[in-house]
$ cat entry27.cif   # mmCIF, C-alpha atoms and all ligand atoms
data_entry
#
loop_
_atom_site.label_atom_id
_atom_site.label_comp_id
_atom_site.auth_asym_id
_atom_site.auth_seq_id
_atom_site.Cartn_x
_atom_site.Cartn_y
_atom_site.Cartn_z
CA MET A 1489 122.63 51.87 66.02
CA ASN A 1490 126.17 52.65 67.17
CA ARG A 1491 125.84 52.86 70.92
CA GLU A 1492 123.36 53.06 73.76
CA GLY A 1493 122.88 56.67 74.82
CA LYS A 1494 122.97 57.59 78.49
CA VAL A 1495 121.52 60.49 80.48
CA TYR A 1496 123.96 62.43 82.69
CA VAL A 1497 122.61 64.99 85.17
CA PHE A 1498 125.46 67.08 86.57
CA ASP A 1499 125.26 67.61 90.29
CA HIS A 1500 128.51 69.53 90.71
CA PRO A 1501 128.00 72.37 93.23
CA LEU A 1502 129.51 75.02 90.92
CA ILE A 1503 127.11 74.06 88.13
CA GLN A 1504 124.10 74.01 90.44
CA HIS A 1505 125.04 77.40 91.92
CA LYS A 1506 125.43 79.05 88.52
CA VAL A 1507 122.22 77.53 87.12
CA THR A 1508 120.31 78.91 90.13
CA LEU A 1509 121.71 82.38 89.35
CA MET A 1510 120.59 81.98 85.73
CA ARG A 1511 117.07 81.04 86.78
CA ASP A 1512 116.70 84.16 88.95
CA ILE A 1513 114.43 86.73 87.28
CA HIS A 1514 116.70 89.52 88.63
CA THR A 1515 119.78 88.26 86.75
CA SER A 1516 120.65 90.71 83.94
CA THR A 1517 121.20 89.78 80.29
CA LYS A 1518 124.94 90.44 80.67
CA GLU A 1519 125.22 88.22 83.75
CA PHE A 1520 123.05 85.52 82.14
CA ARG A 1521 125.34 85.38 79.10
CA GLU A 1522 128.48 85.21 81.26
CA LEU A 1523 126.97 82.45 83.40
CA ALA A 1524 125.91 80.45 80.31
CA ARG A 1525 129.49 80.48 79.09
CA GLU A 1526 130.85 79.43 82.49
CA VAL A 1527 128.32 76.62 82.99
CA VAL A 1528 128.83 75.15 79.54
CA THR A 1529 132.60 75.18 80.03
CA LEU A 1530 132.15 73.19 83.25
CA MET A 1531 129.75 70.80 81.51
CA THR A 1532 132.12 70.35 78.55
CA PHE A 1533 134.87 69.25 80.93
CA GLU A 1534 132.68 66.29 81.99
CA ALA A 1535 130.95 65.63 78.66
CA THR A 1536 134.31 65.07 76.93
CA ARG A 1537 135.52 62.58 79.54
CA ASP A 1538 135.44 59.62 77.11
CA LEU A 1539 137.17 61.26 74.14
CA PRO A 1540 139.81 58.89 72.76
CA LEU A 1541 143.50 59.51 73.44
CA LYS A 1542 146.56 58.45 71.47
CA ASP A 1543 150.22 57.97 72.42
CA VAL A 1544 152.65 60.66 71.25
CA GLU A 1545 156.42 60.86 71.51
CA ILE A 1546 157.64 64.13 73.04
CA GLU A 1547 160.80 65.45 74.60
CA THR A 1548 160.71 67.25 77.95
CA PRO A 1549 163.79 69.20 79.20
CA MET A 1550 164.62 65.97 81.08
CA THR A 1551 164.03 63.09 78.63
CA LYS A 1552 162.19 61.64 75.66
CA CYS A 1553 158.91 60.00 76.64
CA THR A 1554 155.53 58.73 75.44
CA MET A 1555 152.53 60.74 76.61
CA LYS A 1556 148.81 61.08 75.80
CA MET A 1557 147.07 63.56 73.54
CA LEU A 1558 143.58 63.70 72.01
CA ALA A 1559 143.37 61.20 69.16
CA GLY A 1560 141.85 63.65 66.69
CA GLU A 1561 140.50 67.12 66.24
CA ASP A 1562 137.26 65.60 65.14
CA ILE A 1563 134.57 67.35 67.15
CA ALA A 1564 131.62 69.35 65.87
CA VAL A 1565 129.55 71.70 68.02
CA VAL A 1566 126.07 72.30 66.61
CA PRO A 1567 123.99 75.00 68.34
CA ILE A 1568 120.25 75.09 67.75
CA LEU A 1569 119.53 78.72 66.87
CA ARG A 1570 119.11 80.95 68.43
CA ALA A 1571 119.51 80.19 72.13
CA GLY A 1572 122.08 77.43 71.47
CA LEU A 1573 124.49 80.12 70.23
CA GLY A 1574 124.96 81.16 73.85
CA PHE A 1575 126.63 77.80 74.45
CA VAL A 1576 129.20 77.83 71.65
CA ASP A 1577 131.93 80.03 73.12
CA GLY A 1578 132.01 78.10 76.39
CA MET A 1579 132.63 74.88 74.46
CA LEU A 1580 135.23 76.44 72.16
CA ASP A 1581 137.11 77.74 75.21
CA LEU A 1582 138.01 74.08 75.92
CA ILE A 1583 137.88 72.64 72.37
CA PRO A 1584 139.18 75.49 70.18
CA ASN A 1585 139.67 73.31 67.09
CA ALA A 1586 136.08 72.07 66.94
CA LYS A 1587 134.10 72.83 63.78
CA VAL A 1588 130.76 74.58 64.30
CA GLY A 1589 127.53 73.83 62.43
CA HIS A 1590 124.24 75.69 62.83
CA ILE A 1591 120.64 74.53 62.81
CA GLY A 1592 117.88 77.15 62.82
CA LEU A 1593 114.64 76.05 64.46
CA TYR A 1594 111.95 77.83 66.40
CA ARG A 1595 108.89 76.51 68.18
CA ASP A 1596 105.59 77.50 66.63
CA PRO A 1597 103.90 79.37 69.50
CA GLU A 1598 100.53 77.70 68.82
CA THR A 1599 101.45 74.10 68.02
CA HIS A 1600 104.83 74.03 69.92
CA GLU A 1601 106.17 72.09 66.90
CA PRO A 1602 109.69 72.97 65.63
CA VAL A 1603 109.92 74.95 62.36
CA GLU A 1604 113.25 74.74 60.47
CA TYR A 1605 114.72 77.84 58.84
CA TYR A 1606 118.47 77.10 58.50
CA CYS A 1607 120.90 74.17 58.40
CA LYS A 1608 124.64 74.39 57.68
CA LEU A 1609 126.88 71.61 59.00
CA PRO A 1610 130.59 70.76 58.58
CA ALA A 1611 131.04 68.77 55.32
CA ASP A 1612 132.66 65.86 57.19
CA ILE A 1613 130.06 65.72 59.97
CA GLU A 1614 129.78 61.91 59.59
CA LYS A 1615 133.35 61.50 60.93
CA ARG A 1616 132.93 63.75 63.93
CA GLU A 1617 131.82 63.41 67.54
CA VAL A 1618 128.88 65.82 67.47
CA PHE A 1619 127.71 67.96 70.42
CA VAL A 1620 124.28 69.48 69.75
CA VAL A 1621 123.75 72.35 72.20
CA ASP A 1622 120.63 74.18 73.31
CA PRO A 1623 119.86 75.55 76.80
CA MET A 1624 116.34 74.06 77.01
CA LEU A 1625 114.89 70.59 76.41
CA ALA A 1626 111.14 71.15 76.89
CA THR A 1627 108.85 68.96 74.73
CA GLY A 1628 111.99 67.67 73.00
CA GLY A 1629 110.59 68.58 69.55
CA SER A 1630 113.48 70.90 68.64
CA ALA A 1631 116.22 68.51 69.79
CA VAL A 1632 114.62 65.53 68.01
CA ALA A 1633 114.25 67.52 64.75
CA ALA A 1634 117.82 68.87 64.93
CA ILE A 1635 119.24 65.39 65.45
CA ASP A 1636 117.07 64.08 62.59
CA PHE A 1637 118.81 66.60 60.29
CA ILE A 1638 122.26 65.66 61.58
CA LYS A 1639 121.59 61.93 61.17
CA ALA A 1640 120.34 62.57 57.62
CA ARG A 1641 123.96 63.71 56.97
CA HIS A 1642 125.15 60.34 58.32
CA ALA A 1643 126.62 61.52 61.63
CA GLN A 1644 127.11 58.52 63.92
CA ASN A 1645 128.18 59.76 67.34
CA ILE A 1646 125.84 62.40 68.66
CA ASN A 1647 125.53 64.02 72.09
CA PHE A 1648 122.96 66.54 73.29
CA LEU A 1649 124.00 69.09 75.90
CA CYS A 1650 121.46 71.36 77.61
CA LEU A 1651 121.07 73.42 80.75
CA ILE A 1652 117.56 72.51 81.88
CA ALA A 1653 115.44 69.56 80.80
CA ALA A 1654 111.85 68.57 81.50
CA PRO A 1655 111.09 64.86 82.04
CA GLU A 1656 108.85 64.98 78.93
CA GLY A 1657 111.73 66.21 76.76
CA ILE A 1658 114.18 63.62 78.04
CA GLU A 1659 111.67 60.85 77.34
CA ALA A 1660 110.89 62.13 73.83
CA LEU A 1661 114.57 62.47 72.92
CA GLN A 1662 115.48 59.05 74.29
CA LYS A 1663 112.57 57.47 72.42
CA ALA A 1664 113.42 59.11 69.08
CA HIS A 1665 117.22 58.82 69.39
CA PRO A 1666 118.18 56.12 71.89
CA ASP A 1667 121.83 56.24 70.76
CA VAL A 1668 122.34 59.88 71.82
CA ASN A 1669 124.02 60.78 75.12
CA ILE A 1670 122.13 63.53 76.96
CA TYR A 1671 124.02 65.89 79.30
CA ILE A 1672 121.87 68.04 81.59
CA ALA A 1673 122.78 70.60 84.27
CA ALA A 1674 119.33 70.38 85.93
CA LYS A 1675 116.28 68.15 85.52
CA ASP A 1676 113.15 70.15 86.29
CA ASP A 1677 109.65 69.26 87.38
CA HIS A 1678 107.20 69.63 84.49
CA LEU A 1679 105.97 71.66 81.50
CA ASN A 1680 103.21 74.25 81.87
CA GLU A 1681 100.26 74.64 79.46
CA HIS A 1682 102.48 76.67 77.06
CA ALA A 1683 105.12 73.93 77.06
CA TYR A 1684 107.52 76.06 79.15
CA ILE A 1685 109.70 74.33 81.74
CA VAL A 1686 108.71 74.86 85.40
CA PRO A 1687 110.50 76.16 87.43
CA GLY A 1688 112.86 76.66 84.43
CA LEU A 1689 114.38 80.03 83.61
CA GLY A 1690 111.82 81.45 81.17
CA ASP A 1691 112.61 81.93 77.49
CA ALA A 1692 116.31 81.17 77.11
CA GLY A 1693 116.70 83.13 73.85
CA ASP A 1694 115.06 86.23 75.33
CA ARG A 1695 117.18 86.00 78.46
CA LEU A 1696 120.41 85.63 76.45
CA TYR A 1697 119.69 88.42 74.00
CA GLY A 1698 117.44 90.75 76.01
CA THR A 1699 114.60 90.54 73.50
CA LYS A 1700 111.68 90.43 75.94
C1 LIG A 1801 113.67 77.24 72.69
C2 LIG A 1801 114.91 76.51 73.14
C3 LIG A 1801 114.80 75.21 72.37
C4 LIG A 1801 113.33 74.96 72.34
C5 LIG A 1801 112.99 73.92 73.35
O1 LIG A 1801 113.85 77.82 71.46
O2 LIG A 1801 116.09 77.22 72.91
O3 LIG A 1801 115.33 75.30 71.07
O4 LIG A 1801 112.69 76.20 72.66
O5 LIG A 1801 111.64 73.58 73.27
P1 LIG A 1801 111.14 72.15 72.79
O6 LIG A 1801 111.96 71.14 73.52
O7 LIG A 1801 109.69 72.14 73.21
O8 LIG A 1801 111.31 72.07 71.30
P2 LIG A 1801 112.75 78.78 70.79
O9 LIG A 1801 111.82 78.01 69.94
O10 LIG A 1801 112.12 79.63 71.87
O11 LIG A 1801 113.59 79.65 69.78
P3 LIG A 1801 114.76 80.72 70.06
O12 LIG A 1801 115.98 79.98 70.49
O13 LIG A 1801 114.92 81.34 68.71
O14 LIG A 1801 114.29 81.69 71.12
N1 LIG A 1802 112.00 77.24 75.45
C1 LIG A 1802 112.49 78.08 76.39
O1 LIG A 1802 113.28 78.98 76.08
N2 LIG A 1802 112.14 77.89 77.66
C2 LIG A 1802 111.28 76.91 78.03
O2 LIG A 1802 110.99 76.79 79.24
C3 LIG A 1802 110.77 76.06 77.04
C4 LIG A 1802 111.16 76.25 75.76
#

$ encode --input "entry27.cif" --output "structure tokens" --more "lines below"
Ligand code: PRP
Ligand code: URA
Amino acid sequence: MNREGKVYVFDHPLIQHKVTLMRDIHTSTKEFRELAREVVTLMTFEATRDLPLKDVEIETPMTKCTMKMLAGEDIAVVPILRAGLGFVDGMLDLIPNAKVGHIGLYRDPETHEPVEYYCKLPADIEKREVFVVDPMLATGGSAVAAIDFIKARHAQNINFLCLIAAPEGIEALQKAHPDVNIYIAAKDDHLNEHAYIVPGLGDAGDRLYGTK
């Protein structure tokens, strides 16, 4: 195992404010999508805090000098389809050179187990810092399965970024993948009998794409 994963719950007022707007049943699909992009951009700012820097020689109008730049363009963003797609643009706004992989999973409505239907990752995923993104961490089944696929391709440094997490999902993900950093905008109370997060925001995919 490469590193010990940590759990980060963002308490920044702007993030909390925007997540509350997303939870509101009266928020439209258009507003929900815009808010998702804004929140993930704010989260990305913090989640990339430890990216390595390198020294570069540059010349300003005043003098030559040594300054810092990112050490590599070696990031991959991997949304879990379909709701995770709503998080990609907000990350690319800050990391435009990241490669994007896709993992298609949905929860079986009866068993709540994840069912895979698609997986396409950057060929050099094993060299990249990977950010798996999905708005909801409920039972944790989808996140655990997605990270299983990514690890099967030998990725080493994996992070999971979500909007709302249930305690059950955090525990399941930490147990299955203790090396993964988990970034959360809000930690909620519990899951209901259908494995939906309470208070949550409902079905993230339906709210992003207006399919309800
Ligand atoms: C939602 C959500 C996660 C998953 C979380 O996806 O976007 O992927 O449920 O639940 P879990 O932690 O219990 O696995 P869903 O299965 O509704 O598919 P969708 O994105 O296609 O709507
Ligand atoms: N998936 C969702 O979209 N919402 C939940 O609350 C749980 C799983």

$ atom_distance --input "entry27.cif" --atom1 "CA of Lys1675 in chain A" --atom2 "CA of Thr1536 in chain A"
20.2 Å

$ residues_near_ligand --input "entry27.cif" --ligand "ligand LIG 1801 (chain A)" --cutoff "6 Å" --atoms "all atoms listed in the file" --output "number ranges by chain"
A: 1568-1571, 1594-1595, 1602, 1622-1630, 1657, 1692-1693

$ residues_around --input "entry27.cif" --residues "Leu1689 in chain A" --least-positions-apart "4" --cutoff "8 Å" --atoms "all atoms listed in the file" --output "ChimeraX atom specification"
/A:1510-1513,1685

$ closest_residue --input "entry27.cif" --among "A:Ala1631, A:Leu1609, A:Cys1650, A:Leu1679" --to "Lys1663 in chain A" --atoms "all atoms listed in the file"
A:Ala1631

$ closest_residue --input "entry27.cif" --among "A:Asn1585, A:Ser1516, A:Glu1681, A:Gly1493" --to "His1600 in chain A" --atoms "all atoms listed in the file"
A:Glu1681

$ axis_aligned_box --input "entry27.cif" --around "ligand LIG 1802 (chain A)" --padding-each-side "8 Å" --output "lines of an AutoDock Vina configuration file"
center_x = 112.0
center_y = 77.5
center_z = 77.3
size_x = 18.5
size_y = 18.9
size_z = 19.8

$ residues_around --input "entry27.cif" --residues "range 1642-1645 of chain A" --least-positions-apart "3" --cutoff "9 Å" --atoms "only C-alpha atoms" --output "VMD selection string"
chain A and resid 1489 to 1491 1612 to 1619 1638 to 1639 1667 to 1669

$ atom_distance --input "entry27.cif" --atom1 "CA of Gly1688 in chain A" --atom2 "CA of Lys1518 in chain A"
18.7 Å

$ closest_residue --input "entry27.cif" --among "A:Ala1535, A:Ala1559, A:Thr1599, A:Ile1635" --to "Lys1494 in chain A" --atoms "all atoms listed in the file"
A:Ala1535

$ residues_around --input "entry27.cif" --residues "Ala1564 in chain A" --least-positions-apart "4" --cutoff "6 Å" --atoms "all atoms listed in the file" --output "list in words"
Ala1586, Lys1587, Val1588 and Val1618 of chain A

$ closest_residue --input "entry27.cif" --among "A:Ala1653, A:Val1632, A:Ala1664, A:Leu1573" --to "Asp1676 in chain A" --atoms "all atoms listed in the file"
A:Ala1653

$ residues_around --input "entry27.cif" --residues "Gly1578 in chain A" --least-positions-apart "2" --cutoff "6 Å" --atoms "only C-alpha atoms" --output "ChimeraX atom specification"
/A:1525,1528-1529,1575-1576,1580-1581

$ atom_distance --input "entry27.cif" --atom1 "CA of Gly1574 in chain A" --atom2 "CA of Pro1655 in chain A"
22.9 Å
